[in-house]
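Peer 1: Okay, handing you the structure first.
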Amino acid sequence: MKLIHAALATTLFSISGSLFAAERAIDPAKSTISAVFTQIGVPVEAPFTKFTGRVDHDPAKPADAKAVLDIDTASFDIGDDDYNAEVRKPEWFDTAKYPKATFTATGLTPAANGSFTAAGKLSLKGRTAELKVPVTVKADAAGSSYSGKLIISRKAFSIGDPAWEDTVEDTVTIQFRIFVPAAR
């Protein structure tokens, strides 16, 4: 069944491949990236408001897909100026020293139900981790969207003041929807 879904998705994307193949810049106005974390037992979702990137995806050749996403770490907006200033400090994102996080993806592997897994590296606060990211790809005449979510450990990237250990949980869910306009 997985093979049928993957074949169907590849076929559908290949039909419109000439519209979607080739490296293109993402449209930040139609894209979102946010982090969901738990603070004192309450889930908090906060967006990154500034990011750029490029996607090179030929639907007929998903294994050759490439993407680079640069996220301005100082754009993390919890909704309160004091909290925003706090997460920019060296104990958290250290935005003065590490102004961006970068995710570089190399290849899409078909997964269940027509979705994909993107292999890539996340560089954040001077550390790099290899990740497998579940991605749903949707394409139409306007362009392609790549959406998904993954869970990371903030401690793995040395993010967080030890004084906050009992306040903020270690796991963080990164949610994204990246839109890339069709080539014109």
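Chain labels A, B, ... are given in the sequence in which chains occur in the structure tokens; within each chain residues are numbered consecutively from 1, and ligands are likewise numbered from 1 in the order shown.
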Please return, as a ChimeraX atom specification, all residues of range 51-154 of chain A that DSSP assigns to strand (DSSP E or B) on the basis of the backbone.
Peer 2: /A:51-56,66-72,76,100-110,116-124,127-140,143-153
Peer 1: Could you list, as a ChimeraX atom specification, every residue within 12 Å of Gly79 in chain A, counting only C-alpha atoms and ignoring same-chain residues fewer than 2 positions away?
Peer 2: /A:44-49,75-77,81-85,87
Peer 1: Once you count only C-alpha atoms, what closest atom pair and distance in Å to one decimal does each residue of range 18-84 of chain A within 10 Å of range 106-115 of chain A have, with rows by chain and rising residue number, as CSV?
Peer 2:
```
residue,atom,partner,partner_atom,distance
A:Asp56,CA,A:Thr106,CA,9.7
A:His57,CA,A:Gly107,CA,8.7
A:Pro59,CA,A:Leu108,CA,9.7
A:Lys61,CA,A:Leu108,CA,8.7
A:Pro62,CA,A:Leu108,CA,5.0
A:Ala63,CA,A:Gly107,CA,4.3
A:Asp64,CA,A:Gly107,CA,5.1
A:Ala65,CA,A:Gly107,CA,4.5
A:Lys66,CA,A:Thr106,CA,4.7
A:Ala67,CA,A:Thr106,CA,6.8
A:Val68,CA,A:Thr106,CA,9.0
```
Peer 1: Keeping only N, CA and C atoms, write the selected residues to a file as a short mmCIF file (atom, residue, chain, number, x, y, z; two decimals), in the first residue's frame.
Peer 2:
```cif
data_model
loop_
_atom_site.label_atom_id
_atom_site.label_comp_id
_atom_site.auth_asym_id
_atom_site.auth_seq_id
_atom_site.Cartn_x
_atom_site.Cartn_y
_atom_site.Cartn_z
N ASP A 56 14.92 23.22 -3.97
CA ASP A 56 15.14 22.66 -5.31
C ASP A 56 14.53 21.27 -5.27
N HIS A 57 13.34 21.14 -5.86
CA HIS A 57 12.60 19.87 -5.78
C HIS A 57 11.96 19.58 -7.12
N PRO A 59 9.63 16.93 -8.57
CA PRO A 59 8.78 15.85 -8.07
C PRO A 59 9.07 14.49 -8.69
N LYS A 61 12.02 13.40 -9.17
CA LYS A 61 13.28 12.94 -8.58
C LYS A 61 13.37 13.39 -7.12
N PRO A 62 12.51 12.87 -6.24
CA PRO A 62 12.51 13.34 -4.85
C PRO A 62 13.84 13.12 -4.12
N ALA A 63 14.58 12.07 -4.49
CA ALA A 63 15.86 11.80 -3.81
C ALA A 63 16.88 12.91 -4.07
N ASP A 64 16.69 13.68 -5.14
CA ASP A 64 17.62 14.76 -5.48
C ASP A 64 17.21 16.11 -4.88
N ALA A 65 16.12 16.14 -4.14
CA ALA A 65 15.64 17.41 -3.58
C ALA A 65 16.67 18.00 -2.63
N LYS A 66 16.70 19.33 -2.61
CA LYS A 66 17.59 20.06 -1.71
C LYS A 66 16.84 21.28 -1.19
N ALA A 67 17.16 21.66 0.03
CA ALA A 67 16.56 22.87 0.59
C ALA A 67 17.50 23.45 1.63
N VAL A 68 17.46 24.76 1.74
CA VAL A 68 18.20 25.47 2.78
C VAL A 68 17.24 26.48 3.39
#
```
Peer 1: Mind checking DSSP for range 7-182 of chain A and telling me the alpha helix (DSSP H) residues as a PyMOL selection string?
Peer 2: chain A and resi 7-15+17-20+81-87
Peer 1: Keeping only N, CA and C atoms, write the selected residues to a file as an mmCIF file, in the first residue's frame.
Peer 2:
```cif
data_model
loop_
_atom_site.group_PDB
_atom_site.id
_atom_site.type_symbol
_atom_site.label_atom_id
_atom_site.label_comp_id
_atom_site.auth_asym_id
_atom_site.auth_seq_id
_atom_site.Cartn_x
_atom_site.Cartn_y
_atom_site.Cartn_z
ATOM 1 N N ALA A 7 3.847 5.920 -5.313
ATOM 2 C CA ALA A 7 3.788 5.980 -6.780
ATOM 3 C C ALA A 7 2.737 6.977 -7.241
ATOM 4 N N LEU A 8 1.582 6.989 -6.578
ATOM 5 C CA LEU A 8 0.522 7.923 -6.930
ATOM 6 C C LEU A 8 0.973 9.358 -6.703
ATOM 7 N N ALA A 9 1.593 9.622 -5.547
ATOM 8 C CA ALA A 9 2.063 10.979 -5.250
ATOM 9 C C ALA A 9 3.113 11.414 -6.259
ATOM 10 N N THR A 10 4.062 10.522 -6.570
ATOM 11 C CA THR A 10 5.101 10.859 -7.538
ATOM 12 C C THR A 10 4.493 11.115 -8.909
ATOM 13 N N THR A 11 3.527 10.310 -9.315
ATOM 14 C CA THR A 11 2.877 10.490 -10.611
ATOM 15 C C THR A 11 2.144 11.820 -10.674
ATOM 16 N N LEU A 12 1.364 12.117 -9.638
ATOM 17 C CA LEU A 12 0.620 13.379 -9.625
ATOM 18 C C LEU A 12 1.552 14.576 -9.663
ATOM 19 N N PHE A 13 2.646 14.500 -8.894
ATOM 20 C CA PHE A 13 3.587 15.612 -8.884
ATOM 21 C C PHE A 13 4.346 15.695 -10.206
ATOM 22 N N SER A 14 4.605 14.554 -10.831
ATOM 23 C CA SER A 14 5.338 14.540 -12.089
ATOM 24 C C SER A 14 4.532 15.167 -13.213
ATOM 25 N N ILE A 15 3.215 15.009 -13.184
ATOM 26 C CA ILE A 15 2.358 15.602 -14.209
ATOM 27 C C ILE A 15 2.570 17.108 -14.263
ATOM 28 N N GLY A 17 5.270 18.555 -12.962
ATOM 29 C CA GLY A 17 6.676 18.757 -12.641
ATOM 30 C C GLY A 17 7.301 19.949 -13.328
ATOM 31 N N SER A 18 6.927 20.204 -14.571
ATOM 32 C CA SER A 18 7.539 21.332 -15.268
ATOM 33 C C SER A 18 7.201 22.647 -14.598
ATOM 34 N N LEU A 19 6.077 22.699 -13.869
ATOM 35 C CA LEU A 19 5.727 23.924 -13.151
ATOM 36 C C LEU A 19 6.510 24.083 -11.853
ATOM 37 N N PHE A 20 6.950 22.959 -11.254
ATOM 38 C CA PHE A 20 7.490 23.011 -9.907
ATOM 39 C C PHE A 20 8.978 22.707 -9.802
ATOM 40 N N ASP A 81 7.754 41.503 25.312
ATOM 41 C CA ASP A 81 9.082 42.071 25.096
ATOM 42 C C ASP A 81 10.116 41.557 26.099
ATOM 43 N N ASP A 82 9.726 41.400 27.367
ATOM 44 C CA ASP A 82 10.671 40.913 28.380
ATOM 45 C C ASP A 82 11.087 39.467 28.101
ATOM 46 N N TYR A 83 10.131 38.601 27.758
ATOM 47 C CA TYR A 83 10.458 37.213 27.437
ATOM 48 C C TYR A 83 11.293 37.145 26.159
ATOM 49 N N ASN A 84 10.959 37.973 25.173
ATOM 50 C CA ASN A 84 11.732 37.990 23.932
ATOM 51 C C ASN A 84 13.179 38.388 24.212
ATOM 52 N N ALA A 85 13.388 39.376 25.071
ATOM 53 C CA ALA A 85 14.748 39.787 25.450
ATOM 54 C C ALA A 85 15.456 38.651 26.184
ATOM 55 N N GLU A 86 14.737 37.924 27.025
ATOM 56 C CA GLU A 86 15.317 36.810 27.784
ATOM 57 C C GLU A 86 15.837 35.715 26.847
ATOM 58 N N VAL A 87 15.043 35.306 25.847
ATOM 59 C CA VAL A 87 15.471 34.199 24.988
ATOM 60 C C VAL A 87 16.570 34.597 24.007
#
```
Peer 1: One decimal, in Å: what's the spacing between CA of Tyr98 in chain A and CA of Ala119 in chain A?
Peer 2: 23.1 Å
Peer 1: Name all residues at most 9 Å from Gln175 in chain A (count only C-alpha atoms; drop same-chain ones fewer than 3 positions away) and give them as a ChimeraX atom specification.
Peer 2: /A:32-36,147-151
Peer 1: Given only C-alpha atoms, how would the per-residue table for range 33-104 of chain A near range 155-173 of chain A read, listing every residue at most 7 Å away with its closest atom pair and distance in Å to one decimal, sorted by chain and number, as a tab-separated table?
Peer 2:
```
residue	atom	partner	partner_atom	distance
A:Ala35	CA	A:Thr173	CA	5.6
A:Val36	CA	A:Thr173	CA	5.0
A:Phe37	CA	A:Val172	CA	4.9
A:Thr38	CA	A:Glu169	CA	5.5
A:Gln39	CA	A:Val168	CA	4.4
A:Ile40	CA	A:Thr167	CA	5.0
A:Glu91	CA	A:Asp161	CA	5.0
A:Trp92	CA	A:Ile159	CA	4.5
A:Phe93	CA	A:Ile159	CA	6.1
```
